[in-house]
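> Take a look at upload-v7.txt, compact mmCIF, C-alpha atoms:
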# COMPACT_ATOMS: atom_id res chain seq x y z
CA MET I 1 114.05 45.85 18.09
CA ASP I 2 116.21 43.35 16.22
CA THR I 3 114.07 40.27 15.69
CA SER I 4 116.18 38.62 12.97
CA GLY I 5 117.40 35.88 15.34
CA TYR I 6 113.88 35.06 16.47
CA THR I 7 112.58 35.16 12.90
CA ARG I 8 115.25 32.78 11.67
CA TRP I 9 114.69 30.42 14.61
CA PHE I 10 110.95 30.37 13.98
CA ARG I 11 111.40 29.71 10.27
CA ASP I 12 113.95 26.97 10.92
CA SER I 13 111.59 25.31 13.41
CA THR I 14 108.82 24.89 10.81
CA PRO I 15 109.79 21.38 9.65
CA TYR I 16 110.05 20.21 13.26
CA ILE I 17 106.64 21.64 14.14
CA SER I 18 105.18 19.72 11.23
CA MET I 19 107.15 16.60 12.13
CA HIS I 20 105.93 16.48 15.74
CA ARG I 21 102.27 17.21 15.01
CA ASN I 22 100.04 14.24 15.99
CA LYS I 23 103.04 12.39 17.44
CA THR I 24 102.87 10.88 20.92
CA PHE I 25 105.56 11.70 23.47
CA VAL I 26 105.93 10.17 26.92
CA VAL I 27 107.70 12.62 29.25
CA LEU I 28 109.40 11.59 32.49
CA LEU I 29 109.72 14.32 35.13
CA GLU I 30 111.51 13.09 38.22
CA GLY I 31 110.75 14.61 41.61
CA GLU I 32 113.88 16.78 41.49
CA ALA I 33 112.56 18.44 38.34
CA LEU I 34 109.24 19.29 40.00
CA ASP I 35 111.04 21.13 42.81
CA HIS I 36 113.44 23.02 40.54
CA PRO I 37 112.89 26.78 39.97
CA ASN I 38 112.83 26.14 36.21
CA PHE I 39 109.85 23.77 36.48
CA VAL I 40 107.30 26.50 35.71
CA ASN I 41 109.12 27.15 32.42
CA ILE I 42 109.12 23.44 31.65
CA VAL I 43 105.35 23.34 32.08
CA HIS I 44 104.99 26.30 29.72
CA ASP I 45 107.23 24.58 27.16
CA LEU I 46 105.30 21.32 27.44
CA ALA I 47 102.08 23.29 26.99
CA LEU I 48 103.51 24.84 23.83
CA VAL I 49 104.47 21.41 22.47
CA HIS I 50 100.92 20.26 23.24
CA VAL I 51 99.35 23.30 21.55
CA LEU I 52 101.52 22.68 18.48
CA GLY I 53 99.84 19.31 18.08
CA ALA I 54 101.88 16.71 19.95
CA ARG I 55 100.08 14.27 22.28
CA LEU I 56 101.70 14.17 25.71
CA VAL I 57 101.74 11.61 28.50
CA ILE I 58 103.59 12.94 31.53
CA VAL I 59 104.87 10.53 34.17
CA HIS I 60 106.10 12.26 37.32
CA GLY I 61 108.43 10.85 39.91
CA ALA I 62 108.65 11.61 43.62
CA ARG I 63 111.93 10.12 44.76
CA SER I 64 113.35 13.26 46.37
CA GLN I 65 110.05 14.19 48.05
CA ILE I 66 109.68 10.69 49.48
CA ALA I 67 113.27 10.76 50.73
CA ASN I 68 112.56 14.00 52.59
CA ARG I 69 109.45 12.56 54.29
CA LEU I 70 110.88 9.08 54.88
CA PRO I 71 114.61 9.52 55.51
CA ASP I 72 114.87 6.08 57.13
CA GLY I 73 113.82 4.24 53.99
CA VAL I 74 115.14 0.80 53.07
CA PHE I 75 116.67 0.29 49.61
CA HIS I 76 117.84 -2.70 47.62
CA ASN I 77 119.91 -2.10 44.45
CA GLY I 78 118.76 1.50 44.36
CA ARG I 79 115.05 0.62 44.65
CA ARG I 80 112.94 1.61 47.64
CA VAL I 81 111.28 -1.13 49.66
CA THR I 82 107.75 0.21 50.22
CA ARG I 83 106.51 -0.72 53.66
CA GLU I 84 102.79 -0.87 54.35
CA GLU I 85 103.03 1.83 57.01
CA ASP I 86 104.69 4.15 54.45
CA LEU I 87 102.05 3.81 51.72
CA SER I 88 99.70 6.51 53.05
CA ILE I 89 102.57 9.01 53.06
CA LEU I 90 103.49 8.10 49.49
CA LEU I 91 99.91 8.53 48.31
CA ARG I 92 99.73 11.97 49.93
CA ILE I 93 102.96 12.95 48.18
CA PHE I 94 101.70 11.68 44.81
CA GLY I 95 98.45 13.60 45.29
CA GLU I 96 100.25 16.81 46.20
CA LEU I 97 102.60 16.60 43.20
CA ARG I 98 99.83 15.71 40.78
CA THR I 99 97.73 18.64 42.03
CA ARG I 100 100.68 21.01 41.65
CA VAL I 101 101.29 19.93 38.07
CA GLU I 102 97.60 20.19 37.19
CA ALA I 103 97.46 23.68 38.71
CA LEU I 104 100.41 24.88 36.64
CA PHE I 105 98.81 23.61 33.43
CA SER I 106 95.65 25.47 34.41
CA THR I 107 97.35 28.85 34.86
CA GLY I 108 95.51 31.48 32.86
CA LEU I 109 96.80 34.76 34.26
CA PRO I 110 97.37 37.54 31.69
CA THR I 111 101.12 37.43 32.39
CA SER I 112 101.33 33.66 31.85
CA PRO I 113 102.36 32.05 28.53
CA LEU I 114 99.24 29.88 29.00
CA ARG I 115 96.83 32.83 28.87
CA GLU I 116 93.74 32.05 26.80
CA THR I 117 94.95 28.43 26.50
CA GLU I 118 92.82 25.68 27.98
CA ILE I 119 94.56 22.37 28.57
CA SER I 120 92.65 19.44 29.98
CA VAL I 121 94.77 17.23 32.25
CA VAL I 122 93.51 13.69 32.82
CA SER I 123 94.69 11.15 35.40
CA GLY I 124 93.27 7.72 36.10
CA ASN I 125 93.73 4.03 36.74
CA PHE I 126 95.73 3.44 33.58
CA VAL I 127 98.10 0.83 35.05
CA THR I 128 97.55 -2.59 36.58
CA ALA I 129 100.46 -3.60 38.78
CA ARG I 130 101.78 -6.58 40.69
CA PRO I 131 104.22 -6.90 43.59
CA LEU I 132 107.89 -6.95 42.69
CA GLY I 133 108.27 -9.77 45.18
CA ILE I 134 111.37 -11.14 46.85
CA ILE I 135 114.69 -10.36 45.15
CA ASP I 136 118.01 -11.57 46.57
CA GLY I 137 116.11 -12.54 49.69
CA VAL I 138 114.68 -9.03 50.15
CA ASP I 139 110.89 -8.70 50.26
CA HIS I 140 110.00 -5.49 48.45
CA GLN I 141 106.51 -5.54 50.01
CA LEU I 142 104.36 -2.84 48.31
CA THR I 143 106.95 -1.92 45.71
CA GLY I 144 105.54 -3.13 42.43
CA CYS I 145 106.04 -3.34 38.70
CA THR I 146 103.75 -2.95 35.72
CA ARG I 147 101.49 -5.85 34.85
CA LYS I 148 99.43 -4.09 32.17
CA VAL I 149 99.15 -0.61 30.70
CA HIS I 150 95.61 0.14 29.57
CA ALA I 151 96.65 1.66 26.27
CA THR I 152 93.11 2.04 24.94
CA ARG I 153 92.15 4.26 27.86
CA ILE I 154 95.24 6.41 27.39
CA HIS I 155 94.65 6.76 23.66
CA GLY I 156 91.05 7.69 24.41
CA ALA I 157 92.15 10.51 26.68
CA LEU I 158 94.76 11.71 24.20
CA GLY I 159 92.24 11.54 21.38
CA SER I 160 89.95 13.89 23.30
CA GLY I 161 92.70 16.50 23.28
CA ALA I 162 93.73 15.98 26.89
CA LEU I 163 97.18 15.74 28.36
CA VAL I 164 97.59 12.55 30.40
CA LEU I 165 99.33 12.82 33.80
CA MET I 166 100.42 9.67 35.61
CA SER I 167 101.78 9.18 39.12
CA PRO I 168 104.21 6.29 39.78
CA MET I 169 101.66 3.86 41.12
CA GLY I 170 99.49 1.01 39.90
CA TYR I 171 96.59 -1.04 41.15
CA SER I 172 96.09 -4.77 41.51
CA SER I 173 92.84 -6.48 40.58
CA SER I 174 92.03 -6.64 44.32
CA GLY I 175 92.47 -2.87 44.70
CA GLN I 176 95.91 -2.89 46.31
CA VAL I 177 98.10 0.10 45.46
CA PHE I 178 101.76 -0.43 44.54
CA ASN I 179 104.62 2.05 44.40
CA LEU I 180 106.31 1.89 40.97
CA ALA I 181 109.65 3.15 39.70
CA SER I 182 108.75 6.18 37.58
CA ASP I 183 111.45 5.52 34.96
CA GLU I 184 110.30 1.94 34.46
CA LEU I 185 106.68 3.07 34.30
CA ALA I 186 107.50 5.71 31.67
CA ALA I 187 109.25 3.09 29.53
CA ASP I 188 106.38 0.62 29.98
CA VAL I 189 103.80 3.23 29.00
CA ALA I 190 105.80 4.40 25.99
CA LEU I 191 106.10 0.86 24.66
CA ALA I 192 102.48 -0.06 25.40
CA ILE I 193 100.95 2.93 23.61
CA GLY I 194 103.44 2.89 20.73
CA ALA I 195 104.83 6.34 21.55
CA ASP I 196 107.10 8.11 19.10
CA LYS I 197 109.49 9.38 21.78
CA LEU I 198 110.38 8.97 25.43
CA ILE I 199 111.72 12.25 26.80
CA VAL I 200 113.56 12.06 30.12
CA PHE I 201 114.37 15.20 32.10
CA ASN I 202 117.45 15.04 34.33
CA ASP I 203 119.69 17.63 35.96
CA SER I 204 122.63 17.66 33.55
CA GLY I 205 120.63 16.87 30.44
CA ALA I 206 122.95 15.79 27.65
CA LEU I 207 125.60 13.14 28.15
CA THR I 208 129.17 14.27 27.48
CA ASP I 209 132.38 12.71 26.19
CA GLY I 210 135.78 12.64 27.85
CA ASP I 211 136.45 16.25 26.87
CA GLY I 212 133.16 17.43 28.36
CA ASP I 213 131.57 18.03 24.96
CA ARG I 214 127.91 17.22 24.47
CA ILE I 215 127.07 13.93 22.76
CA SER I 216 124.07 14.75 20.59
CA GLN I 217 123.32 11.18 19.61
CA MET I 218 124.27 7.69 20.67
CA SER I 219 123.09 4.14 20.20
CA PRO I 220 121.28 2.03 22.82
CA SER I 221 124.39 -0.15 23.05
CA GLN I 222 126.55 2.86 23.90
CA LEU I 223 124.06 3.99 26.53
CA GLN I 224 123.98 0.47 27.96
CA SER I 225 127.73 0.64 28.53
CA ILE I 226 127.38 4.01 30.28
CA ALA I 227 124.54 2.70 32.45
CA GLU I 228 126.52 -0.36 33.50
CA ALA I 229 129.54 1.78 34.42
CA ASN I 230 127.47 4.30 36.38
CA GLY I 231 128.17 4.07 40.10
CA ASP I 232 124.79 5.52 41.07
CA PRO I 233 122.18 2.70 41.02
CA GLN I 234 119.30 5.15 40.58
CA GLN I 235 120.88 6.93 37.61
CA SER I 236 121.83 3.60 36.12
CA GLN I 237 118.21 2.49 36.47
CA TYR I 238 116.70 5.29 34.39
CA LEU I 239 119.40 4.92 31.73
CA GLN I 240 118.60 1.20 31.55
CA SER I 241 114.92 2.06 31.15
CA MET I 242 115.75 4.23 28.14
CA VAL I 243 117.80 1.42 26.64
CA ARG I 244 114.88 -0.97 27.12
CA ALA I 245 112.46 1.45 25.49
CA CYS I 246 114.67 1.91 22.43
CA ARG I 247 115.30 -1.78 22.04
CA GLY I 248 111.60 -2.45 22.53
CA GLY I 249 110.72 -0.50 19.42
CA LEU I 250 110.70 3.23 20.22
CA LYS I 251 112.21 5.37 17.48
CA SER I 252 114.13 7.48 19.97
CA CYS I 253 114.61 8.49 23.58
CA GLN I 254 115.92 11.89 24.56
CA LEU I 255 117.71 13.22 27.63
CA VAL I 256 116.98 16.88 28.37
CA SER I 257 118.02 19.12 31.26
CA TYR I 258 115.34 20.31 33.66
CA SER I 259 117.64 23.04 35.00
CA GLU I 260 118.35 24.68 31.63
CA ASP I 261 115.61 27.03 30.48
CA GLY I 262 114.31 26.21 27.01
CA ALA I 263 116.28 22.98 26.65
CA LEU I 264 113.18 21.02 25.58
CA LEU I 265 112.30 23.48 22.82
CA ARG I 266 115.85 23.54 21.48
CA GLU I 267 116.00 19.74 21.54
CA LEU I 268 112.70 19.30 19.69
CA PHE I 269 112.68 22.28 17.32
CA THR I 270 116.28 22.88 16.25
CA ALA I 271 118.69 20.80 14.20
CA GLN I 272 121.46 21.12 16.77
CA GLY I 273 119.33 20.20 19.76
CA ALA I 274 120.28 20.63 23.41
CA GLY I 275 120.27 17.11 24.84
CA THR I 276 121.25 13.59 23.87
CA GLN I 277 119.11 11.49 21.57
CA ILE I 278 119.24 7.71 21.98
CA ARG I 279 118.53 5.83 18.78
CA GLU I 280 120.15 3.34 16.48
CA THR I 281 123.07 5.08 14.81
CA GLY I 282 125.42 4.13 12.02
CA SER I 283 124.06 2.91 8.71
CA GLU I 284 120.65 2.30 10.31
CA PHE I 285 119.64 5.92 9.68
CA ILE I 286 121.17 6.13 6.19
CA ARG I 287 118.74 5.54 3.32
CA PRO I 288 118.47 6.11 -0.44
CA ALA I 289 117.33 9.64 -1.25
CA THR I 290 113.98 10.40 -2.86
CA THR I 291 112.71 13.40 -4.79
CA ALA I 292 111.11 14.62 -1.55
CA ASP I 293 114.65 15.12 -0.18
CA VAL I 294 115.82 17.42 -2.99
CA ALA I 295 114.83 20.67 -1.27
CA SER I 296 116.62 19.66 1.95
CA ILE I 297 119.75 18.64 0.03
CA VAL I 298 119.77 21.93 -1.90
CA GLU I 299 119.51 23.94 1.31
CA MET I 300 122.27 21.94 2.99
CA ILE I 301 124.85 21.96 0.17
CA ARG I 302 124.31 25.50 -1.12
CA PRO I 303 126.67 27.18 1.42
CA LEU I 304 129.33 24.58 0.62
CA GLU I 305 128.94 25.25 -3.10
CA GLU I 306 129.21 28.99 -2.56
CA SER I 307 132.43 28.53 -0.56
CA GLY I 308 133.90 26.28 -3.24
CA VAL I 309 133.97 23.10 -1.18
CA LEU I 310 131.47 21.40 -3.51
CA VAL I 311 130.86 21.68 -7.23
CA ARG I 312 127.66 23.61 -7.89
CA ARG I 313 124.66 21.47 -8.87
CA SER I 314 121.40 22.88 -10.15
CA ARG I 315 118.14 21.71 -8.63
CA ASP I 316 117.22 20.11 -11.97
CA ARG I 317 120.46 18.16 -11.96
CA LEU I 318 119.86 17.01 -8.39
CA GLU I 319 116.37 15.82 -9.28
CA ALA I 320 117.72 13.95 -12.30
CA GLU I 321 120.51 12.31 -10.28
CA ILE I 322 118.65 11.72 -7.01
CA GLU I 323 118.88 7.94 -7.45
CA HIS I 324 122.65 8.26 -6.91
CA PHE I 325 122.24 9.91 -3.50
CA LEU I 326 122.16 8.57 0.03
CA VAL I 327 120.91 10.71 2.90
CA ALA I 328 121.30 10.61 6.67
CA ALA I 329 117.96 11.45 8.24
CA ILE I 330 116.76 11.80 11.81
CA ASP I 331 113.00 11.93 12.30
CA ASN I 332 112.65 12.46 8.52
CA THR I 333 114.91 15.52 8.65
CA VAL I 334 117.90 15.28 6.29
CA ILE I 335 121.13 16.02 8.15
CA GLY I 336 123.67 14.65 5.63
CA CYS I 337 124.08 13.36 2.10
CA CYS I 338 126.49 11.86 -0.41
CA ALA I 339 126.34 10.67 -4.02
CA LEU I 340 127.78 7.58 -5.70
CA TYR I 341 128.58 7.41 -9.43
CA PRO I 342 129.81 4.06 -10.83
CA TYR I 343 132.71 3.82 -13.30
CA GLY I 344 133.27 0.12 -13.92
CA ASP I 345 135.25 -1.29 -11.01
CA ALA I 346 135.46 2.13 -9.36
CA VAL I 347 132.81 4.34 -7.77
CA GLU I 348 133.06 8.09 -7.30
CA LEU I 349 132.02 9.42 -3.90
CA ALA I 350 130.75 12.96 -4.39
CA CYS I 351 128.72 15.71 -2.73
CA VAL I 352 129.54 14.60 0.81
CA ALA I 353 127.84 17.08 3.14
CA VAL I 354 126.63 17.21 6.73
CA HIS I 355 124.31 19.83 8.19
CA PRO I 356 126.43 22.44 10.06
CA SER I 357 124.59 21.74 13.32
CA TYR I 358 125.84 18.14 13.21
CA ARG I 359 129.20 18.61 11.48
CA ASP I 360 131.14 19.14 14.70
CA ALA I 361 128.60 18.05 17.31
CA ASP I 362 128.20 14.55 15.91
CA PRO I 363 131.12 13.28 13.77
CA SER I 364 129.38 9.92 13.44
CA VAL I 365 127.07 11.34 10.77
CA GLY I 366 129.87 11.77 8.23
CA LEU I 367 131.43 8.45 9.20
CA SER I 368 128.07 6.69 8.85
CA LEU I 369 127.59 8.16 5.37
CA LEU I 370 131.05 6.93 4.38
CA GLU I 371 130.36 3.47 5.79
CA ALA I 372 127.08 3.26 3.88
CA ALA I 373 128.76 4.51 0.70
CA GLU I 374 131.45 1.84 0.94
CA LYS I 375 128.85 -0.85 1.52
CA THR I 376 126.82 0.34 -1.47
CA ALA I 377 129.92 0.50 -3.68
CA ARG I 378 130.76 -3.10 -2.81
CA THR I 379 127.26 -4.19 -3.82
CA MET I 380 127.94 -2.52 -7.17
CA GLY I 381 130.97 -4.77 -7.57
CA ALA I 382 133.48 -1.95 -7.13
CA GLY I 383 136.91 -2.53 -5.67
CA ARG I 384 137.77 1.09 -5.01
CA LEU I 385 136.17 4.36 -4.05
CA PHE I 386 137.57 7.67 -5.28
CA VAL I 387 136.92 11.33 -4.47
CA LEU I 388 137.94 14.71 -5.85
CA THR I 389 138.38 17.20 -3.05
CA THR I 390 139.70 20.73 -2.64
CA GLN I 391 139.31 21.41 1.08
CA THR I 392 138.62 18.16 2.94
CA ARG I 393 141.73 16.11 2.15
CA ASP I 394 142.61 15.63 5.83
CA TRP I 395 139.25 14.04 6.63
CA PHE I 396 139.62 11.55 3.80
CA LEU I 397 143.20 10.79 4.85
CA ASP I 398 141.91 10.03 8.34
CA ASN I 399 139.50 7.54 6.78
CA ALA I 400 142.01 5.46 4.80
CA PHE I 401 141.97 7.33 1.48
CA VAL I 402 145.35 7.96 -0.15
CA ASP I 403 146.51 10.55 -2.65
CA ALA I 404 146.61 9.39 -6.26
CA PRO I 405 147.55 10.89 -9.66
CA ILE I 406 144.89 12.00 -12.12
CA GLU I 407 145.91 9.09 -14.32
CA ASP I 408 144.45 6.68 -11.75
CA LEU I 409 140.96 8.02 -12.41
CA PRO I 410 138.67 6.07 -14.76
CA ALA I 411 139.12 7.37 -18.31
CA PRO I 412 135.67 9.04 -18.54
CA LYS I 413 136.36 10.91 -15.29
CA GLN I 414 139.82 11.96 -16.46
CA ALA I 415 138.23 13.54 -19.51
CA LEU I 416 135.94 15.63 -17.25
CA TYR I 417 138.65 16.69 -14.78
CA ASN I 418 138.52 20.44 -14.07
CA PHE I 419 142.10 21.70 -13.94
CA GLN I 420 140.92 25.10 -12.70
CA ARG I 421 139.58 23.56 -9.48
CA ASN I 422 142.79 21.52 -9.21
CA SER I 423 141.07 18.97 -6.96
CA LYS I 424 143.09 16.37 -5.10
CA VAL I 425 142.45 12.83 -6.29
CA MET I 426 142.08 10.35 -3.44
CA ILE I 427 141.35 6.63 -3.61
CA LYS I 428 140.38 4.01 -1.07
CA GLN I 429 140.69 0.31 -1.79
CA LEU I 430 137.55 -1.37 -0.55
CA GLY I 431 138.62 -4.96 -0.29
CA THR I 432 136.21 -7.24 1.56
CA LYS I 433 134.21 -6.03 4.56
CA ALA I 434 134.54 -8.39 7.50
For the structure just supplied, provide its representation as structure tokens.

Amino acid sequence: MDTSGYTRWFRDSTPYISMHRNKTFVVLLEGEALDHPNFVNIVHDLALVHVLGARLVIVHGARSQIANRLPDGVFHNGRRVTREEDLSILLRIFGELRTRVEALFSTGLPTSPLRETEISVVSGNFVTARPLGIIDGVDHQLTGCTRKVHATRIHGALGSGALVLMSPMGYSSSGQVFNLASDELAADVALAIGADKLIVFNDSGALTDGDGDRISQMSPSQLQSIAEANGDPQQSQYLQSMVRACRGGLKSCQLVSYSEDGALLRELFTAQGAGTQIRETGSEFIRPATTADVASIVEMIRPLEESGVLVRRSRDRLEAEIEHFLVAAIDNTVIGCCALYPYGDAVELACVAVHPSYRDADPSVGLSLLEAAEKTARTMGAGRLFVLTTQTRDWFLDNAFVDAPIEDLPAPKQALYNFQRNSKVMIKQLGTKA
């Protein structure tokens, strides 16, 4: 049996396994996900993530199940008004769903991926809630919102090795139960416990551009615009919750499909991913390189050196010149790099590379590196940026570089020009950044 693909995938996943160990993820599973045929696989994938060392808090929704039992429900701006006579039905639904999830995590049959794996699932009164009140003249009755997340209790359960499972409800100090929006609760919990990620499962998973291509990464501001333009109040609501979580301090939020088998594992353990990650983009994820990045840079640029796109650099040279490099990194994984070498009033931009999984899927990586390089060159007092390129002239033309003669290079660089490579000289005037 040919296992080369599996072997390569497993090897490539190693840095991600290490990266996610001891990290805390809050996972939102809406009611539609719990009823989907792929849900059993999702549970197995979540169990694997848990076994590999991540701490998981799962918040489940129940919107579709409630709609089936209470088809005459009253809504305001996409939010259900919870009537007192409906509460007992909601609690039964929450109990049924919670029991189903717990049962799946307890599966130990020999044919199950969870065989010989014991996962403790803990639920409890982790959330204090208050009534949402009257909005636009509409009394939302027993629909509530989070007053306090008892983070210490959650951390205690996670510290014991348990997986925490939360239903969309909270309790008042008088013992009243309130129905909460699961997306808002997931965001509240993620912020309160200082989670590393908020992972949201939806039907389509990744967001797409106008051509239908997957957007692997976007900023909270971009997601805000999409949420505001969304005609479905419920979809807009969970997108807004992700925006709030990111802006509240979470490193990232991720949209993953519940209908696509293995989407979670590809999103968490491969460079290309399978969903959309929401985090600050642009120069915010560009930083100076360190010696710890050398191995990642070597691995990323080696194929480009072998194809002649880049000039070959030895590892020793990279270590000696690492102070000249900038890297683009997501979750401490290097996905792009470039180097800057000053020559008086000019700076050479060299060794521009983006990981192949991001090269086409996320053009913003290369553009962000260029933006950061220009900013850094200006701080050096340079008025122009120049490159020597053999195969990427079009990309530099698209980004305001122009062709120039060799004589326009700084004298020391002219003396080192390799006529055998016959590289194109391209220059960009930096001017003043507005």
> Pick from I:Leu340, I:Ala292, I:Ala400, I:Leu191: nearest to Ala382 of chain I, with all atoms listed in the file counted?
I:Leu340
> Work out how far apart atom CA of Gln224 of chain I and atom CA of Leu239 of chain I are and give it in Å to one decimal.
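One can read the atom CA of Gln224 of chain I to atom CA of Leu239 of chain I distance as 7.4 Å.
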> With all atoms listed in the file as the atoms that count, which of I:Val327, I:Cys145, I:Leu310, I:Ile215 lies nearest to Thr290 of chain I?
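So, comparing all the options, the nearest one is I:Val327.
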> Please list as a list in words every residue within 7 Å of segment 369-381 of chain I, counting all atoms listed in the file and excluding residues in the same chain fewer than 5 positions away.
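Once the adjacent positions are removed, what remains is Ser283, Ile286, Ala328, Cys338, Asp345 and Val347 of chain I.
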> Which of these, I:Val243, I:Ile42, I:Val298, I:Val200, has the shortest distance to Ile226 of chain I once you count only C-alpha atoms?
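Of I:Val243, I:Ile42, I:Val298, I:Val200, the one nearest Ile226 of chain I, counting only C-alpha atoms, is I:Val243.
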> Report the distance between atom CA of Arg214 of chain I and atom CA of Leu268 of chain I in Å, rounded to one decimal place.
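Between atom CA of Arg214 of chain I and atom CA of Leu268 of chain I the gap is 16.1 Å.
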> Extract, using all atoms listed in the file, all DNA, RNA and protein residues at most 12 Å from segment 4-9 of chain I, discarding same-chain residues fewer than 4 positions from it, and format them as an MDAnalysis selection string.
chainID I and resid 13:17 265:266 269:272
> What's the separation between atom CA of Val164 of chain I and atom CA of Gly124 of chain I, in Å to one decimal place?
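We find that atom CA of Val164 of chain I and atom CA of Gly124 of chain I lie 8.6 Å from each other.
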> Using only C-alpha atoms, tabulate the residues of segment 298-362 of chain I lying at most 12 Å from any atom of segment 410-420 of chain I, each with its closest atom pair and that distance in Å to one decimal, by chain and increasing residue number, as CSV.

residue,atom,partner,partner_atom,distance
I:Gly308,CA,I:Gln420,CA,11.8
I:Val311,CA,I:Asn418,CA,10.3
I:Tyr341,CA,I:Lys413,CA,10.3
I:Pro342,CA,I:Pro410,CA,9.9
I:Tyr343,CA,I:Pro410,CA,6.5
I:Gly344,CA,I:Pro410,CA,8.1
I:Asp345,CA,I:Pro410,CA,8.9
I:Ala346,CA,I:Pro410,CA,7.4
I:Val347,CA,I:Pro410,CA,9.3
I:Glu348,CA,I:Lys413,CA,9.1
> Find, counting only C-alpha atoms, the residue in I:Glu321, I:Val127, I:Asp183, I:Thr143 that gets nearest to Tyr171 of chain I.
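Among the listed residues, the smallest separation from Tyr171 of chain I belongs to I:Val127.
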> Using all atoms listed in the file, what residues lie at most 12 Å away from (113.3, 1.1, 53.3) (file coordinates), given as a ChimeraX atom specification?
/I:66-67,70-87,138-143
> Considering only C-alpha atoms, state which residue in the set I:Gly275, I:Pro220, I:Gly175, I:Gly161 is at the smallest distance from Met242 of chain I.
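Going through I:Gly275, I:Pro220, I:Gly175, I:Gly161 one by one, the smallest distance to Met242 of chain I is for I:Pro220.
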> Export all heavy atoms of segment 373-378 of chain I from the structure just given, as an mmCIF file, in the first residue's frame?

data_model
loop_
_atom_site.group_PDB
_atom_site.id
_atom_site.type_symbol
_atom_site.label_atom_id
_atom_site.label_comp_id
_atom_site.auth_asym_id
_atom_site.auth_seq_id
_atom_site.Cartn_x
_atom_site.Cartn_y
_atom_site.Cartn_z
ATOM 1 N N ALA I 373 8.423 45.740 4.129
ATOM 2 C CA ALA I 373 9.770 46.035 3.630
ATOM 3 C C ALA I 373 9.909 47.510 3.281
ATOM 4 O O ALA I 373 10.931 48.154 3.594
ATOM 5 C CB ALA I 373 10.069 45.169 2.411
ATOM 6 N N GLU I 374 8.884 48.067 2.645
ATOM 7 C CA GLU I 374 8.926 49.486 2.296
ATOM 8 C C GLU I 374 8.965 50.362 3.548
ATOM 9 O O GLU I 374 9.710 51.342 3.618
ATOM 10 C CB GLU I 374 7.708 49.841 1.436
ATOM 11 C CG GLU I 374 7.731 49.198 0.060
ATOM 12 C CD GLU I 374 6.477 49.494 -0.738
ATOM 13 O OE1 GLU I 374 5.659 50.323 -0.275
ATOM 14 O OE2 GLU I 374 6.302 48.906 -1.818
ATOM 15 N N LYS I 375 8.164 49.984 4.530
ATOM 16 C CA LYS I 375 8.149 50.742 5.783
ATOM 17 C C LYS I 375 9.510 50.690 6.466
ATOM 18 O O LYS I 375 10.027 51.707 6.953
ATOM 19 C CB LYS I 375 7.068 50.186 6.713
ATOM 20 C CG LYS I 375 6.946 50.918 8.034
ATOM 21 C CD LYS I 375 5.813 50.324 8.878
ATOM 22 C CE LYS I 375 5.695 51.044 10.209
ATOM 23 N NZ LYS I 375 4.591 50.458 11.042
ATOM 24 N N THR I 376 10.113 49.501 6.486
ATOM 25 C CA THR I 376 11.429 49.350 7.115
ATOM 26 C C THR I 376 12.482 50.140 6.355
ATOM 27 O O THR I 376 13.353 50.778 6.958
ATOM 28 C CB THR I 376 11.816 47.857 7.165
ATOM 29 O OG1 THR I 376 10.823 47.137 7.877
ATOM 30 C CG2 THR I 376 13.166 47.679 7.851
ATOM 31 N N ALA I 377 12.413 50.110 5.017
ATOM 32 C CA ALA I 377 13.390 50.850 4.206
ATOM 33 C C ALA I 377 13.297 52.348 4.472
ATOM 34 O O ALA I 377 14.326 53.044 4.531
ATOM 35 C CB ALA I 377 13.156 50.549 2.727
ATOM 36 N N ARG I 378 12.082 52.840 4.644
ATOM 37 C CA ARG I 378 11.924 54.273 4.945
ATOM 38 C C ARG I 378 12.561 54.625 6.290
ATOM 39 O O ARG I 378 13.170 55.689 6.442
ATOM 40 C CB ARG I 378 10.449 54.654 4.956
ATOM 41 C CG ARG I 378 9.802 54.667 3.587
ATOM 42 C CD ARG I 378 8.399 55.272 3.656
ATOM 43 N NE ARG I 378 7.719 55.158 2.375
ATOM 44 C CZ ARG I 378 6.938 54.153 2.033
ATOM 45 N NH1 ARG I 378 6.712 53.175 2.900
ATOM 46 N NH2 ARG I 378 6.370 54.114 0.850
#
